[in-house]
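Here's data-v2.pdb, which has PDB, C-alpha atoms:
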ATOM      1  CA  MET A  29       4.313 -26.634  11.598  1.00  0.00           C
ATOM      2  CA  ALA A  30       3.398 -25.116   8.220  1.00  0.00           C
ATOM      3  CA  GLU A  31       0.652 -23.016   9.800  1.00  0.00           C
ATOM      4  CA  ALA A  32       3.111 -21.623  12.352  1.00  0.00           C
ATOM      5  CA  THR A  33       5.552 -20.722   9.562  1.00  0.00           C
ATOM      6  CA  ILE A  34       2.808 -18.996   7.594  1.00  0.00           C
ATOM      7  CA  ALA A  35       1.796 -17.056  10.707  1.00  0.00           C
ATOM      8  CA  VAL A  36       5.391 -15.831  11.173  1.00  0.00           C
ATOM      9  CA  ILE A  37       5.636 -14.830   7.500  1.00  0.00           C
ATOM     10  CA  ARG A  38       2.321 -12.971   7.798  1.00  0.00           C
ATOM     11  CA  ARG A  39       3.550 -11.059  10.844  1.00  0.00           C
ATOM     12  CA  LEU A  40       6.770 -10.154   9.027  1.00  0.00           C
ATOM     13  CA  LEU A  41       4.822  -8.924   5.992  1.00  0.00           C
ATOM     14  CA  LEU A  42       2.624  -6.814   8.255  1.00  0.00           C
ATOM     15  CA  CYS A  43       5.689  -5.333   9.994  1.00  0.00           C
ATOM     16  CA  ILE A  44       7.303  -4.533   6.625  1.00  0.00           C
ATOM     17  CA  LEU A  45       4.054  -2.930   5.478  1.00  0.00           C
ATOM     18  CA  LEU A  46       3.770  -0.806   8.634  1.00  0.00           C
ATOM     19  CA  ILE A  47       7.404   0.329   8.386  1.00  0.00           C
ATOM     20  CA  GLY A  48       6.913   1.188   4.702  1.00  0.00           C
ATOM     21  CA  LEU A  49       3.706   3.112   5.385  1.00  0.00           C
ATOM     22  CA  THR A  50       5.319   5.075   8.194  1.00  0.00           C
ATOM     23  CA  GLY A  51       8.429   5.867   6.167  1.00  0.00           C
ATOM     24  CA  MET A  52       6.576   6.853   3.026  1.00  0.00           C
ATOM     25  CA  GLY A  53       4.022   8.950   4.885  1.00  0.00           C
ATOM     26  CA  THR A  54       6.786  10.769   6.747  1.00  0.00           C
ATOM     27  CA  GLU A  55       8.763  11.389   3.575  1.00  0.00           C
ATOM     28  CA  LEU A  56       5.736  12.709   1.684  1.00  0.00           C
ATOM     29  CA  LEU A  57       4.933  15.070   4.542  1.00  0.00           C
ATOM     30  CA  PHE A  58       8.550  16.300   4.672  1.00  0.00           C
ATOM     31  CA  LEU A  59       8.462  16.866   0.904  1.00  0.00           C
ATOM     32  CA  GLN A  60       5.194  18.794   1.285  1.00  0.00           C
ATOM     33  CA  HIS A  61       3.540  16.459  -1.202  1.00  0.00           C
ATOM     34  CA  ASP A  62       0.215  18.254  -0.867  1.00  0.00           C
ATOM     35  CA  GLU A  63       0.247  21.130  -3.360  1.00  0.00           C
ATOM     36  CA  GLU A  64      -2.381  19.634  -5.689  1.00  0.00           C
ATOM     37  CA  ALA A  65      -5.333  17.327  -5.116  1.00  0.00           C
ATOM     38  CA  THR A  66      -3.605  14.439  -6.898  1.00  0.00           C
ATOM     39  CA  GLN A  67      -0.660  14.772  -4.514  1.00  0.00           C
ATOM     40  CA  LEU A  68      -2.972  14.032  -1.596  1.00  0.00           C
ATOM     41  CA  ILE A  69      -3.883  10.592  -2.955  1.00  0.00           C
ATOM     42  CA  PRO A  70      -0.932   8.725  -1.399  1.00  0.00           C
ATOM     43  CA  LEU A  71      -1.334  10.535   1.928  1.00  0.00           C
ATOM     44  CA  VAL A  72      -5.035   9.717   2.100  1.00  0.00           C
ATOM     45  CA  LEU A  73      -4.385   6.089   1.150  1.00  0.00           C
ATOM     46  CA  ILE A  74      -1.663   5.757   3.789  1.00  0.00           C
ATOM     47  CA  ALA A  75      -4.077   7.063   6.432  1.00  0.00           C
ATOM     48  CA  LEU A  76      -6.752   4.671   5.135  1.00  0.00           C
ATOM     49  CA  ALA A  77      -4.280   1.779   5.313  1.00  0.00           C
ATOM     50  CA  PHE A  78      -3.539   2.515   8.974  1.00  0.00           C
ATOM     51  CA  VAL A  79      -7.292   2.559   9.682  1.00  0.00           C
ATOM     52  CA  ALA A  80      -7.807  -0.731   7.802  1.00  0.00           C
ATOM     53  CA  ILE A  81      -4.897  -2.405   9.605  1.00  0.00           C
ATOM     54  CA  ALA A  82      -6.103  -1.191  13.008  1.00  0.00           C
ATOM     55  CA  TRP A  83      -9.634  -2.431  12.279  1.00  0.00           C
ATOM     56  CA  HIS A  84      -8.315  -5.780  11.105  1.00  0.00           C
ATOM     57  CA  ALA A  85      -6.079  -6.119  14.182  1.00  0.00           C
ATOM     58  CA  ALA A  86      -8.963  -5.258  16.502  1.00  0.00           C
ATOM     59  CA  GLN A  87     -11.589  -7.379  14.785  1.00  0.00           C
ATOM     60  CA  GLU A  88     -10.546 -10.046  12.308  1.00  0.00           C
ATOM     61  CA  SER A  89     -13.690 -10.083  10.202  1.00  0.00           C
ATOM     62  CA  SER A  90     -14.461 -10.541   6.549  1.00  0.00           C
ATOM     63  CA  GLY A  91     -15.296  -6.816   6.391  1.00  0.00           C
ATOM     64  CA  SER A  92     -11.953  -5.716   7.838  1.00  0.00           C
ATOM     65  CA  LEU A  93     -10.096  -8.128   5.572  1.00  0.00           C
ATOM     66  CA  ALA A  94     -11.973  -6.882   2.508  1.00  0.00           C
ATOM     67  CA  MET A  95     -11.269  -3.250   3.423  1.00  0.00           C
ATOM     68  CA  LEU A  96      -7.577  -4.037   3.757  1.00  0.00           C
ATOM     69  CA  GLN A  97      -7.543  -5.837   0.398  1.00  0.00           C
ATOM     70  CA  VAL A  98      -9.393  -3.034  -1.403  1.00  0.00           C
ATOM     71  CA  THR A  99      -7.035  -0.489   0.147  1.00  0.00           C
ATOM     72  CA  MET A 100      -4.022  -2.442  -1.112  1.00  0.00           C
ATOM     73  CA  VAL A 101      -5.494  -2.651  -4.633  1.00  0.00           C
ATOM     74  CA  LEU A 102      -5.929   1.135  -4.477  1.00  0.00           C
ATOM     75  CA  PHE A 103      -2.263   1.396  -3.484  1.00  0.00           C
ATOM     76  CA  ILE A 104      -1.261  -0.507  -6.611  1.00  0.00           C
ATOM     77  CA  ALA A 105      -3.480   1.670  -8.808  1.00  0.00           C
ATOM     78  CA  SER A 106      -2.221   4.883  -7.182  1.00  0.00           C
ATOM     79  CA  GLY A 107       1.372   3.825  -7.760  1.00  0.00           C
ATOM     80  CA  LEU A 108       0.698   3.343 -11.454  1.00  0.00           C
ATOM     81  CA  LEU A 109      -1.199   6.643 -11.645  1.00  0.00           C
ATOM     82  CA  GLY A 110       1.590   8.420  -9.765  1.00  0.00           C
ATOM     83  CA  MET A 111       4.262   7.115 -12.130  1.00  0.00           C
ATOM     84  CA  TYR A 112       2.217   8.368 -15.061  1.00  0.00           C
ATOM     85  CA  LEU A 113       1.688  11.792 -13.451  1.00  0.00           C
ATOM     86  CA  HIS A 114       5.367  12.163 -12.520  1.00  0.00           C
ATOM     87  CA  TYR A 115       6.441  11.124 -16.027  1.00  0.00           C
ATOM     88  CA  ARG A 116       3.952  13.517 -17.629  1.00  0.00           C
ATOM     89  CA  ALA A 117       5.176  16.421 -15.470  1.00  0.00           C
ATOM     90  CA  ASN A 118       8.764  15.630 -16.472  1.00  0.00           C
ATOM     91  CA  VAL A 119       7.832  15.493 -20.163  1.00  0.00           C
ATOM     92  CA  GLU A 120       6.111  18.885 -19.927  1.00  0.00           C
ATOM     93  CA  PHE A 121       9.139  20.396 -18.209  1.00  0.00           C
ATOM     94  CA  GLN A 122      11.577  18.940 -20.745  1.00  0.00           C
ATOM     95  CA  ARG A 123       9.466  20.304 -23.613  1.00  0.00           C
ATOM     96  CA  GLU A 124       9.513  23.758 -22.004  1.00  0.00           C
ATOM     97  CA  VAL A 125      13.298  23.619 -21.707  1.00  0.00           C
ATOM     98  CA  ASP A 126      13.803  22.222 -25.221  1.00  0.00           C
ATOM     99  CA  PRO A 127      10.749  22.417 -27.517  1.00  0.00           C
ATOM    100  CA  SER A 128      12.523  20.371 -30.195  1.00  0.00           C
ATOM    101  CA  ILE A 129      13.055  17.312 -27.970  1.00  0.00           C
ATOM    102  CA  ALA A 130      11.024  14.221 -28.868  1.00  0.00           C
ATOM    103  CA  GLY A 131      11.098  10.446 -29.048  1.00  0.00           C
ATOM    104  CA  ARG A 132      13.675   8.415 -27.184  1.00  0.00           C
ATOM    105  CA  ALA A 133      15.631  11.476 -26.045  1.00  0.00           C
ATOM    106  CA  LEU A 134      12.498  12.929 -24.427  1.00  0.00           C
ATOM    107  CA  PHE A 135      11.645   9.606 -22.815  1.00  0.00           C
ATOM    108  CA  TRP A 136      15.080   9.201 -21.227  1.00  0.00           C
ATOM    109  CA  LYS A 137      15.266  12.828 -20.083  1.00  0.00           C
ATOM    110  CA  ALA A 138      11.852  12.484 -18.449  1.00  0.00           C
ATOM    111  CA  MET A 139      12.729   9.168 -16.810  1.00  0.00           C
ATOM    112  CA  MET A 140      16.059  10.392 -15.441  1.00  0.00           C
ATOM    113  CA  ALA A 141      14.742  13.702 -14.089  1.00  0.00           C
ATOM    114  CA  LYS A 142      15.342  14.158 -10.384  1.00  0.00           C
ATOM    115  CA  THR A 143      12.176  16.134  -9.664  1.00  0.00           C
ATOM    116  CA  PRO A 144       9.705  14.578  -9.614  1.00  0.00           C
ATOM    117  CA  PRO A 145      11.296  11.134  -9.706  1.00  0.00           C
ATOM    118  CA  ALA A 146       9.303   9.253 -12.339  1.00  0.00           C
ATOM    119  CA  LEU A 147       9.403   5.827 -10.716  1.00  0.00           C
ATOM    120  CA  ALA A 148       9.129   6.843  -7.033  1.00  0.00           C
ATOM    121  CA  PRO A 149       5.350   6.316  -6.892  1.00  0.00           C
ATOM    122  CA  GLY A 150       5.984   2.675  -7.758  1.00  0.00           C
ATOM    123  CA  SER A 151       6.755   2.190  -4.074  1.00  0.00           C
ATOM    124  CA  MET A 152       3.017   2.642  -3.443  1.00  0.00           C
ATOM    125  CA  SER A 153       2.393  -0.326  -5.717  1.00  0.00           C
ATOM    126  CA  GLN A 154       5.074  -2.282  -3.895  1.00  0.00           C
ATOM    127  CA  LEU A 155       3.409  -1.622  -0.535  1.00  0.00           C
ATOM    128  CA  GLY A 156       0.085  -2.667  -2.045  1.00  0.00           C
ATOM    129  CA  LEU A 157       1.596  -5.959  -3.172  1.00  0.00           C
ATOM    130  CA  ILE A 158       3.069  -6.555   0.294  1.00  0.00           C
ATOM    131  CA  GLY A 159      -0.352  -5.904   1.820  1.00  0.00           C
ATOM    132  CA  LEU A 160      -2.034  -8.272  -0.610  1.00  0.00           C
ATOM    133  CA  ALA A 161       0.593 -10.924   0.156  1.00  0.00           C
ATOM    134  CA  TYR A 162      -0.303 -10.526   3.840  1.00  0.00           C
ATOM    135  CA  THR A 163      -3.990 -11.148   3.074  1.00  0.00           C
ATOM    136  CA  TYR A 164      -3.419 -13.983   0.579  1.00  0.00           C
ATOM    137  CA  ARG A 165      -5.442 -17.033   1.630  1.00  0.00           C
ATOM    138  CA  TYR A 166      -6.068 -15.460   5.012  1.00  0.00           C
ATOM    139  CA  SER A 167      -8.273 -17.897   6.887  1.00  0.00           C
ATOM    140  CA  LEU A 168     -10.668 -16.119   9.210  1.00  0.00           C
ATOM    141  CA  ARG A 169     -12.241 -19.440  10.173  1.00  0.00           C
ATOM    142  CA  GLN A 170      -8.901 -20.885  11.351  1.00  0.00           C
ATOM    143  CA  ARG A 171      -8.124 -17.712  13.295  1.00  0.00           C
ATOM    144  CA  ARG A 172     -11.514 -17.874  15.034  1.00  0.00           C
ATOM    145  CA  GLN A 173     -10.966 -21.530  15.963  1.00  0.00           C
ATOM    146  CA  ASP A 174      -7.608 -20.683  17.540  1.00  0.00           C
ATOM    147  CA  LYS A 175      -9.203 -18.094  19.832  1.00  0.00           C
ATOM    148  CA  PRO A 176     -11.225 -19.194  22.831  1.00  0.00           C
ATOM    149  CA  PRO A 177     -14.878 -18.159  22.705  1.00  0.00           C
ATOM    150  CA  ALA A 178     -15.815 -14.995  24.522  1.00  0.00           C
ATOM    151  CA  PRO A 179     -17.657 -15.521  27.803  1.00  0.00           C
ATOM    152  CA  GLY A 180     -21.404 -15.633  27.358  1.00  0.00           C
ATOM    153  CA  THR A 181     -21.276 -16.468  23.639  1.00  0.00           C
ATOM    154  CA  GLY A 182     -22.241 -20.110  24.121  1.00  0.00           C
ATOM    155  CA  GLY A 183     -18.985 -21.605  22.807  1.00  0.00           C
ATOM    156  CA  ALA A 184     -18.457 -25.380  23.091  1.00  0.00           C
ATOM    157  CA  GLN A 185     -15.803 -24.942  25.793  1.00  0.00           C
ATOM    158  CA  GLU A 186     -18.060 -22.835  27.993  1.00  0.00           C
ATOM    159  CA  ASN A 187     -19.333 -24.448  31.152  1.00  0.00           C
ATOM    160  CA  VAL A 188     -23.079 -24.171  31.443  1.00  0.00           C
ATOM    161  CA  THR A 189     -24.510 -25.058  34.878  1.00  0.00           C
TER     162      THR A 189
END

This entry written out as structure tokens:
Amino acid sequence: MAEATIAVIRRLLLCILLIGLTGMGTELLFLQHDEEATQLIPLVLIALAFVAIAWHAAQESSGSLAMLQVTMVLFIASGLLGMYLHYRANVEFQREVDPSIAGRALFWKAMMAKTPPALAPGSMSQLGLIGLAYTYRYSLRQRRQDKPPAPGTGGAQENVT
């Protein structure tokens, strides 16, 4: 019973992750988030995530699971980096507009700027956490036991005459 519940939760997490990846990738493309090399990071990671998920769906192996986990850790790191880069760009702009601004006033102006939104890259970190939740305590051994052996692999259920 508990294993069935965990399997449903895992599928839901994977669906949420796929919807988030599709939505974020589409939005970044619509926003033309590709003017600088650092702006390509989320797009490249989203593509990598789709590759990792497809590999893991096709072949549940320790390698595919590790690639998915590493990709999700990179998502978390890129979200943090993106928030820093967005904040820094906002600070630079605010200082150009008002060279005398500093301290708390500068911080709040930079955080509340509409372009680029300082906290928007945090959604990359959120997707990374969802992906890591999907892989948490993922049992490859249990998954392999649930699947019947492939013909010709010498599994215990295979009839040898």

For a cut-off of 12 Å around (8.2, 3.7, 2.4), file coordinates, pick out all residues using only C-alpha atoms and list them as a PDB file with C-alpha atoms, in the coordinates of the input.
ATOM      1  CA  ILE A  44       7.303  -4.533   6.625  1.00  0.00           C
ATOM      2  CA  LEU A  45       4.054  -2.930   5.478  1.00  0.00           C
ATOM      3  CA  LEU A  46       3.770  -0.806   8.634  1.00  0.00           C
ATOM      4  CA  ILE A  47       7.404   0.329   8.386  1.00  0.00           C
ATOM      5  CA  GLY A  48       6.913   1.188   4.702  1.00  0.00           C
ATOM      6  CA  LEU A  49       3.706   3.112   5.385  1.00  0.00           C
ATOM      7  CA  THR A  50       5.319   5.075   8.194  1.00  0.00           C
ATOM      8  CA  GLY A  51       8.429   5.867   6.167  1.00  0.00           C
ATOM      9  CA  MET A  52       6.576   6.853   3.026  1.00  0.00           C
ATOM     10  CA  GLY A  53       4.022   8.950   4.885  1.00  0.00           C
ATOM     11  CA  THR A  54       6.786  10.769   6.747  1.00  0.00           C
ATOM     12  CA  GLU A  55       8.763  11.389   3.575  1.00  0.00           C
ATOM     13  CA  LEU A  56       5.736  12.709   1.684  1.00  0.00           C
ATOM     14  CA  PRO A  70      -0.932   8.725  -1.399  1.00  0.00           C
ATOM     15  CA  LEU A  71      -1.334  10.535   1.928  1.00  0.00           C
ATOM     16  CA  ILE A  74      -1.663   5.757   3.789  1.00  0.00           C
ATOM     17  CA  ALA A 148       9.129   6.843  -7.033  1.00  0.00           C
ATOM     18  CA  PRO A 149       5.350   6.316  -6.892  1.00  0.00           C
ATOM     19  CA  GLY A 150       5.984   2.675  -7.758  1.00  0.00           C
ATOM     20  CA  SER A 151       6.755   2.190  -4.074  1.00  0.00           C
ATOM     21  CA  MET A 152       3.017   2.642  -3.443  1.00  0.00           C
ATOM     22  CA  SER A 153       2.393  -0.326  -5.717  1.00  0.00           C
ATOM     23  CA  GLN A 154       5.074  -2.282  -3.895  1.00  0.00           C
ATOM     24  CA  LEU A 155       3.409  -1.622  -0.535  1.00  0.00           C
ATOM     25  CA  GLY A 156       0.085  -2.667  -2.045  1.00  0.00           C
ATOM     26  CA  ILE A 158       3.069  -6.555   0.294  1.00  0.00           C
TER      27      ILE A 158
END

- Task: Could you tell me how far atom CA of Leu76 of chain A lies from atom CA of His114 of chain A, in Å and to one decimal?
- Result: 22.7 Å

- Could you check how far atom CA of Ala94 of chain A sits from atom CA of Leu57 of chain A, in Å to one decimal? 27.8 Å

- Query: For the atom pair atom CA of Ala86 of chain A and atom CA of Gly159 of chain A, what is the interatomic distance in Å to one decimal place?
  - Reply: 17.0 Å

Expected axis-aligned box over every listed atom of segment 150-161 of chain A, 8 Å added per side, centre plus edges in Å to one decimal, as AutoDock Vina command-line options:
--center_x 2.4 --center_y -4.1 --center_z -3.0 --size_x 24.8 --size_y 29.6 --size_z 25.6

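For the file at hand, the PyMOL selection byres ((chain A and resi 99-101) around 7) resolves to Ala77, Met95, Leu96, Gln97, Val98, Leu102, Phe103, Ile104, Ala105, Gly156, Leu157, Gly159 and Leu160 of chain A.
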
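Among the candidates A:Leu93, A:Val119, A:Trp83, A:Glu63, the one nearest to Arg165 of chain A when counting all atoms listed in the file is A:Leu93.
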
- Query: Can you tell me, as a PyMOL selection string, which residues sit within 7 Å of (-13.0, -14.5, 7.7) in the file's frame, using only C-alpha atoms?
  - Reply: chain A and resi 88-90+167-169

- Task: Using the chain letters and residue numbers of this document, give as a ChimeraX atom specification the residues selected by the PyMOL selection byres ((chain A and resi 144) around 9).
- Result: /A:114-115,117-118,141-143,145-148

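This file, filtered with the PyMOL selection byres ((chain A and resi 31) around 12), gives the residues Met29, Ala30, Ala32, Thr33, Ile34, Ala35, Val36, Ile37, Arg38, Arg165, Tyr166, Ser167, Gln170, Arg171 and Asp174 of chain A.
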
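With only C-alpha atoms as the atoms that count, the minimum distance from Tyr162 of chain A to the choices A:Leu40, A:Glu120, A:Ile69, A:Ala82 is reached by A:Leu40.
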
All heavy atoms modelled onto segment 86-97 of chain A, as a compact mmCIF listing (two decimals), keeping the file's coordinate frame:
# COMPACT_ATOMS: atom_id res chain seq x y z
N ALA A 86 -7.99 -5.27 15.41
CA ALA A 86 -8.96 -5.26 16.50
C ALA A 86 -10.07 -6.29 16.31
O ALA A 86 -10.55 -6.88 17.28
CB ALA A 86 -9.58 -3.87 16.63
N GLN A 87 -10.46 -6.49 15.07
CA GLN A 87 -11.59 -7.38 14.78
C GLN A 87 -11.33 -8.09 13.46
O GLN A 87 -11.59 -7.54 12.40
CB GLN A 87 -12.88 -6.57 14.70
CG GLN A 87 -14.08 -7.37 14.34
CD GLN A 87 -15.30 -6.48 14.12
OE1 GLN A 87 -15.26 -5.29 14.35
NE2 GLN A 87 -16.37 -7.08 13.66
N GLU A 88 -10.82 -9.29 13.53
CA GLU A 88 -10.55 -10.05 12.31
C GLU A 88 -11.86 -10.53 11.72
O GLU A 88 -12.37 -11.58 12.08
CB GLU A 88 -9.62 -11.21 12.61
CG GLU A 88 -8.22 -10.78 12.96
CD GLU A 88 -7.32 -11.96 13.27
OE1 GLU A 88 -7.81 -13.06 13.56
OE2 GLU A 88 -6.11 -11.77 13.22
N SER A 89 -12.42 -9.73 10.83
CA SER A 89 -13.69 -10.08 10.20
C SER A 89 -13.53 -10.05 8.69
O SER A 89 -12.54 -9.52 8.17
CB SER A 89 -14.77 -9.08 10.63
OG SER A 89 -14.48 -7.80 10.12
N SER A 90 -14.52 -10.58 8.01
CA SER A 90 -14.46 -10.54 6.55
C SER A 90 -14.51 -9.10 6.05
O SER A 90 -13.90 -8.76 5.04
CB SER A 90 -15.58 -11.38 5.94
OG SER A 90 -16.84 -10.91 6.38
N GLY A 91 -15.23 -8.23 6.76
CA GLY A 91 -15.30 -6.82 6.39
C GLY A 91 -13.96 -6.11 6.52
O GLY A 91 -13.55 -5.37 5.63
N SER A 92 -13.26 -6.36 7.64
CA SER A 92 -11.95 -5.72 7.84
C SER A 92 -10.93 -6.25 6.85
O SER A 92 -10.10 -5.49 6.34
CB SER A 92 -11.46 -5.91 9.28
OG SER A 92 -11.15 -7.26 9.55
N LEU A 93 -11.01 -7.54 6.55
CA LEU A 93 -10.10 -8.13 5.57
C LEU A 93 -10.36 -7.56 4.18
O LEU A 93 -9.43 -7.20 3.45
CB LEU A 93 -10.23 -9.65 5.56
CG LEU A 93 -9.27 -10.41 4.67
CD1 LEU A 93 -7.83 -10.22 5.13
CD2 LEU A 93 -9.62 -11.89 4.65
N ALA A 94 -11.62 -7.43 3.82
CA ALA A 94 -11.97 -6.88 2.51
C ALA A 94 -11.53 -5.43 2.39
O ALA A 94 -11.02 -5.01 1.34
CB ALA A 94 -13.48 -6.99 2.28
N MET A 95 -11.70 -4.65 3.46
CA MET A 95 -11.27 -3.25 3.42
C MET A 95 -9.76 -3.17 3.23
O MET A 95 -9.27 -2.34 2.45
CB MET A 95 -11.66 -2.51 4.69
CG MET A 95 -11.24 -1.05 4.65
SD MET A 95 -11.77 -0.19 6.13
CE MET A 95 -10.99 1.40 5.89
N LEU A 96 -9.02 -4.02 3.91
CA LEU A 96 -7.58 -4.04 3.76
C LEU A 96 -7.19 -4.42 2.33
O LEU A 96 -6.31 -3.78 1.72
CB LEU A 96 -6.95 -5.00 4.77
CG LEU A 96 -5.44 -5.06 4.84
CD1 LEU A 96 -4.83 -3.68 5.07
CD2 LEU A 96 -5.01 -6.00 5.95
N GLN A 97 -7.85 -5.42 1.77
CA GLN A 97 -7.54 -5.84 0.40
C GLN A 97 -7.87 -4.75 -0.62
O GLN A 97 -7.08 -4.47 -1.52
CB GLN A 97 -8.30 -7.13 0.06
CG GLN A 97 -7.76 -8.33 0.80
CD GLN A 97 -8.63 -9.56 0.65
OE1 GLN A 97 -9.85 -9.45 0.54
NE2 GLN A 97 -8.01 -10.73 0.67
